[in-house]
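Encoded as structure tokens, the structure appears first; notes follow it.
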Amino acid sequence: MRRSTATSADQHVPKRSGWQTLARVLPYLWPEGQGWVKRRVVIALVMLFAAKLVSIVTPFLYKLAVDALAGETGTDPGWMLAYGAVGLTVAYGVARLGAVAFGEARDAVFVRVGQRALRRLALETFTHIHQLSLRYHITRKTGGLSRIIERGVKGVDFLLRFMLFSIGPLILELSMVSLIFAVVFGWQYAAVVVVTISLYVTFTFKVTEWRVKIRRQMNDQDTDANQKAVDSLLNYETVKYFNAEAREAARYDAAMQGYETAAVKTGQSLAFLNGGQSFLITSGLVIVMVMAAKGVQAGTLTVGDFVMVNAYMIQITMPLNFLGTVYREIRQALVDMGEMFSLLGQPAEIADAPDAKPLEVRGGEIVFDDVHFAYDPSREILKGISFTVAPGQRVALVGHSGSGKSTIGRLLFRFYDITGGAIRIDGQDLRAVAQTSLHSQIGVVPQDTVLFNDTIRYNIGYGRDGATEAEIVAAAKAARIHDFIISLPEGYDSAVGERGLKLSGGEKQRVGIARTLLKNPPILILDEATSALDTQTEQSIQESLDEMGQGRSVIVIAHRLSTIADADLILVMEAGRVVERGTHDALLAQNGRYCAMWARQAAEEEEAVAAE
């Protein structure tokens with residue numbers, strides 16, 4: 001019975017709202033079972049509250065000092081005025097210093113919480129990306145993916161620092177200042193402050209929402225330009241081969257032109273926002289100051305009161321100006337984080353069954369039982385493939401491009417789930433075993449071995465975590481690459497370059513073989529491992545591959561038929577079906593497709609030799 005086709009890696013993931021994104025971050029600030037984190041958060045909040053209390057008292061001390069100097073002491077507390085103007089000035093300085101000290105202490109206590117949250121989130125994202133299917137990674141561009149993660153992590157860092165220690169404290173401070181104005185000066189003062197703040201916040205939020213749309217366009221253009229740059233640099237040699245430097249530069253510049261347009265709109269909208277904010281806050285400041293000046297002239301307020309009103313207005317003006325920046329950045333951080341959390345919400349297409357057990361390889365028998373598969377539901381790739389690889393047997397898959405050969409290797413490694421039939425190893429259905437155990441039992445030598453931008457030792461040792469130096473050297477000798485390595489000036493410490501570009505195709509392939517030998521898997525997939533190499537190099541590496549396959553169950557996906565003539569079983573594939581099967585001699589005797597392919601390749605090789 002056919003199962004439904006697996007969902008696409010690009011399945012729709014709903015965009016997260018700002019509140020959903022905030023809810024996603026909160027567990028990092030208040031994690032279960034992490035008492036030290038909670039204690040630091042509480043201490044930081046206490047420090048925050050203390051800093052705001054001190055900052056609210058500071059302008060009052062300033063007023064008292066001014067009144068003392070002006071001789072207006074009638075309405076002020078005598079016990080405070082007893083200290084005199086100098087003492088009050090010193091107290092004012094101590095209060096200002098105390099507010100800063102509490103703020104710095106708060107940051108020092110909280111920094112470990114924030115950095116721990118960033119580390120956990122980065123690890124979670126990195127791990128999740130590796131759990132996503134091959135289909136997802138094929139359809140996504142690495143440059144764009146890395147930029148989403150980079151912006152998302154930075155967004156979390158900003159949110160943790162400023163949401164907790166800027167927006168909350170600002171609301172607290174504005175409330176306290178409004179209360180002081182209402183109690184000390186009258187409701188009219190408080191009303192002006194409240195109306196000014198309300199207009200300011202409304203204007204800021206409305207304009208910022210408009211700017212966020214422009215900023216999102218700028219991000220999209222930035223991502224597009226970065227993707228094109230990364231793609232071009234990864235294909236450096238191809239660009240050179242086709243003399244396409246100018247074409248790549250024009251392509252990149254076109255993407256940057258879109259970024260420039262969006263960035264100009266962002267800058268212009270920022271100027272409009274800053275101008276409007278300045279107008280509103282200055283208007284409120286002037287109105288309150290005029291009211292206070294009239295009060296001084298009428299004798300109902302002292303000069304110190306006038307100075308205190310000014311100090312409070314300046315004190316709230318600074319964070320309000322900062323509010324514009326903070327809100328813009330928080331809003332943008334929420335957008336960036338929303339993209340990252342949407343990525344984290346992307347479900348893994350290939351997941352272990354709830355009762356998945358470790359794969360137990362006893363002999364290494366591989367069975368494909370009426371296997372059907374389609375990358376896309378409208379186009380089936382494999383149409384009922386059935387064959388068996390006996391323990392220790394070498395089975396070759398041959399056929400024209402697009403016949404489904406490489407797909408079989410990917411299905412055996414469970415990069416994808418089949419849509420019908422079953423694949424079993426020693427009687428165990430791959431869908432019923434843990435992927436980690438499956439991957440540990442299968443070694444793959446691909447057509448194009450991709451290496452990490454590290455040393456040869458690291459790349460060979462990647463085959464088995466914790467491998468000793470002696471084991472790495474033994475694997476290199478078995479792959480017949482040891483002599484080449486020790487001939488290099490830095491030996492096993494030689495860097496291979498990005499994707500191994502400092503090595504030749506044959507050298508990269510031997511490093512890949514050594515890496516797989518070190519893994520020592522009971523099942524081996526050779527996916528056209530020598531098709532991209534010259535004949536002499538191919539023959540040399542083929543010997544290493546033959547030795548590597550001894551005692552293992554091997555599936556060889558072959559292009560050159562001469563490399564699999566001694567296979568125990570050869571399967572000829574066409575349009576997703578096995579159309580012929582047998583040994584080399586038996587297939588030649590059938591005088592069918594395999595025989596025709598053999599004759600054609602033999603003729604091509606003869607022509608190549610004659611041309612030399």
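Convention: chains lettered A, B, ... in structure tokens order; per-chain residue numbering from 1; ligands numbered from 1 as shown.
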
Could you find all residues in region 383-573 of chain A that DSSP calls strand (DSSP E) from the backbone, and write them as JSON, numbers by chain?
-> {"A": [383, 384, 385, 386, 387, 388, 389, 394, 395, 396, 397, 398, 399, 420, 421, 422, 423, 424, 425, 428, 429, 442, 443, 444, 445, 523, 524, 525, 526, 527, 553, 554, 555, 556, 557, 569, 570, 571, 572, 573]}

Find the spatial neighbours of Ser437 (chain A), counting only C-alpha atoms, within a cut-off of 8 Å - ignore same-chain residues fewer than 4 positions away - and output them as a ChimeraX atom specification.
-> /A:358-359,433,441

Preceding selection exported with C-alpha atoms as a short mmCIF file (atom, residue, chain, number, x, y, z; two decimals), in the first residue's frame:
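Ended up saving to result17.cif:
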```
data_model
loop_
_atom_site.label_atom_id
_atom_site.label_comp_id
_atom_site.auth_asym_id
_atom_site.auth_seq_id
_atom_site.Cartn_x
_atom_site.Cartn_y
_atom_site.Cartn_z
CA PRO A 358 18.71 1.26 17.27
CA LEU A 359 19.60 -0.53 14.05
CA VAL A 433 14.95 2.46 13.46
CA GLN A 441 26.21 1.91 10.03
#
```

Identify which of the residues A:Gly512, A:Gly258, A:Gly576, A:Gly275 lies closest to Thr204 (chain A), counting only C-alpha atoms when measuring atom-to-atom distances.
->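 The shortest atom-to-atom distance to Thr204 (chain A) comes from A:Gly275.
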
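We find CA of Phe102 (chain A) and CA of Val66 (chain A) to be spaced 26.0 Å apart.
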
Contacts of region 420-423 of chain A within 8 Å, only C-alpha atoms, excl. fewer than 2 positions in-chain, as a list in words |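 Here the answer would be Met1, Arg2, Arg3, Ile366, Val367, Phe368, Asp369, Asp370, Val371, His372, Phe373, Gly384, Leu412, Ile418, Ile425, Asp429 and Leu430 of chain A.
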
Using the selection just defined, write its residues with N, CA and C atoms as a CSV table (one decimal), in the first residue's frame.
```csv
chain,number,residue,atom,x,y,z
A,1,MET,N,0.9,-1.2,0.0
A,1,MET,CA,0.0,0.0,0.0
A,1,MET,C,0.9,1.2,0.0
A,2,ARG,N,0.6,2.2,-0.9
A,2,ARG,CA,1.3,3.4,-1.0
A,2,ARG,C,1.0,4.3,0.2
A,3,ARG,N,2.0,5.0,0.7
A,3,ARG,CA,1.8,6.0,1.7
A,3,ARG,C,1.8,7.3,0.9
A,366,ILE,N,20.6,-6.0,2.6
A,366,ILE,CA,19.8,-4.9,2.3
A,366,ILE,C,18.7,-5.3,1.3
A,367,VAL,N,17.4,-5.0,1.6
A,367,VAL,CA,16.3,-5.4,0.8
A,367,VAL,C,15.5,-4.2,0.4
A,368,PHE,N,15.3,-3.9,-0.9
A,368,PHE,CA,14.4,-3.0,-1.4
A,368,PHE,C,13.2,-3.7,-1.9
A,369,ASP,N,12.0,-3.5,-1.3
A,369,ASP,CA,10.8,-4.3,-1.6
A,369,ASP,C,9.8,-3.4,-2.2
A,370,ASP,N,9.6,-3.5,-3.5
A,370,ASP,CA,8.6,-2.7,-4.2
A,370,ASP,C,8.6,-1.2,-3.8
A,371,VAL,N,9.8,-0.6,-3.9
A,371,VAL,CA,10.0,0.7,-3.4
A,371,VAL,C,9.5,1.7,-4.5
A,372,HIS,N,8.6,2.6,-4.0
A,372,HIS,CA,8.1,3.8,-4.8
A,372,HIS,C,8.6,5.1,-4.1
A,373,PHE,N,8.9,6.1,-4.9
A,373,PHE,CA,9.3,7.3,-4.4
A,373,PHE,C,9.1,8.4,-5.4
A,384,GLY,N,8.5,1.0,-8.2
A,384,GLY,CA,8.4,-0.4,-7.8
A,384,GLY,C,9.8,-1.1,-7.9
A,412,LEU,N,18.4,4.9,1.0
A,412,LEU,CA,19.0,4.0,2.0
A,412,LEU,C,19.5,4.7,3.2
A,418,ILE,N,10.4,6.9,1.7
A,418,ILE,CA,9.8,6.4,0.5
A,418,ILE,C,8.3,6.6,0.6
A,425,ILE,N,17.1,-3.4,6.4
A,425,ILE,CA,18.4,-3.9,6.6
A,425,ILE,C,18.4,-5.0,7.7
A,429,ASP,N,12.9,-2.5,9.1
A,429,ASP,CA,12.4,-1.4,8.3
A,429,ASP,C,13.1,-0.1,8.7
A,430,LEU,N,13.6,0.6,7.7
A,430,LEU,CA,14.4,1.9,8.1
A,430,LEU,C,13.5,2.9,8.8
```

In Å, with one decimal, what is the gap from CA of Leu170 (chain A) to CA of Met289 (chain A)?
->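 If I compute the distance from CA of Leu170 (chain A) to CA of Met289 (chain A), I get 21.7 Å.
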
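Once Met573 (chain A) and its same-chain neighbours fewer than 6 positions away are set aside, Gly399, Ser403 and Val579 of chain A remain within 6 Å of it when counting only C-alpha atoms.
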
Between A:Ile481, A:Met597, A:Val444, A:Val361, which one has atoms that come closest to Leu526 (chain A), using only C-alpha atoms?
->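 Distance minimum relative to Leu526 (chain A) lands on A:Val444.
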
DSSP-assigned alpha helix (DSSP H) among region 357-483 of chain A, expressed as a PyMOL selection string = chain A and resi 405-412+435-440+456-461+469-478+482-483

Could you turn the residues from that selection into a file that holds C-alpha atoms, as a JSON list (two decimals), in the first residue's frame?
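To be explicit, this is the file written out as out-v5.json:
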```json
[["chain", "number", "residue", "atom", "x", "y", "z"],
["A", 405, "LYS", "CA", 20.36, 5.47, -9.30],
["A", 406, "SER", "CA", 21.48, 8.17, -6.84],
["A", 407, "THR", "CA", 17.97, 8.35, -5.37],
["A", 408, "ILE", "CA", 18.39, 4.76, -4.15],
["A", 409, "GLY", "CA", 21.48, 5.75, -2.18],
["A", 410, "ARG", "CA", 19.68, 8.72, -0.63],
["A", 411, "LEU", "CA", 16.72, 6.56, 0.37],
["A", 412, "LEU", "CA", 18.98, 3.96, 1.97],
["A", 435, "GLN", "CA", 18.32, 7.67, 12.25],
["A", 436, "THR", "CA", 21.49, 8.13, 14.28],
["A", 437, "SER", "CA", 22.08, 4.38, 14.44],
["A", 438, "LEU", "CA", 21.28, 4.02, 10.73],
["A", 439, "HIS", "CA", 23.74, 6.73, 9.74],
["A", 440, "SER", "CA", 26.44, 5.21, 11.92],
["A", 456, "ILE", "CA", 43.88, 17.00, 6.42],
["A", 457, "ARG", "CA", 44.05, 15.41, 9.87],
["A", 458, "TYR", "CA", 40.72, 16.96, 10.86],
["A", 459, "ASN", "CA", 39.04, 15.87, 7.63],
["A", 460, "ILE", "CA", 40.19, 12.26, 7.87],
["A", 461, "GLY", "CA", 39.49, 12.16, 11.62],
["A", 469, "GLU", "CA", 46.59, 9.71, 15.39],
["A", 470, "ALA", "CA", 47.61, 6.12, 14.65],
["A", 471, "GLU", "CA", 44.11, 5.28, 13.41],
["A", 472, "ILE", "CA", 44.04, 8.37, 11.18],
["A", 473, "VAL", "CA", 47.41, 7.47, 9.67],
["A", 474, "ALA", "CA", 46.32, 3.84, 9.17],
["A", 475, "ALA", "CA", 43.20, 5.01, 7.31],
["A", 476, "ALA", "CA", 45.32, 7.33, 5.15],
["A", 477, "LYS", "CA", 47.66, 4.47, 4.29],
["A", 478, "ALA", "CA", 44.73, 2.22, 3.41],
["A", 482, "HIS", "CA", 49.66, 8.84, 3.36],
["A", 483, "ASP", "CA", 52.76, 9.27, 1.17]]
```

Region 246-254 of chain A: which residues within 12 Å, counting only C-alpha atoms, same-chain residues fewer than 5 positions away excluded, as a PyMOL selection string?
-> chain A and resi 221-233+235-236+238-240+259-261

Distance of CA of Lys154 (chain A) from CA of Asn219 (chain A), expressed in Å to one decimal place =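 Pair CA of Asn219 (chain A) / CA of Lys154 (chain A) returns 14.0 Å.
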
Excluding Arg593 (chain A) and residues on its chain fewer than 6 positions from it, collect all residues at most 12 Å away from it, counting only C-alpha atoms, and give them as a ChimeraX atom specification.
-> /A:398-400,571-574,578-581,587,599-600
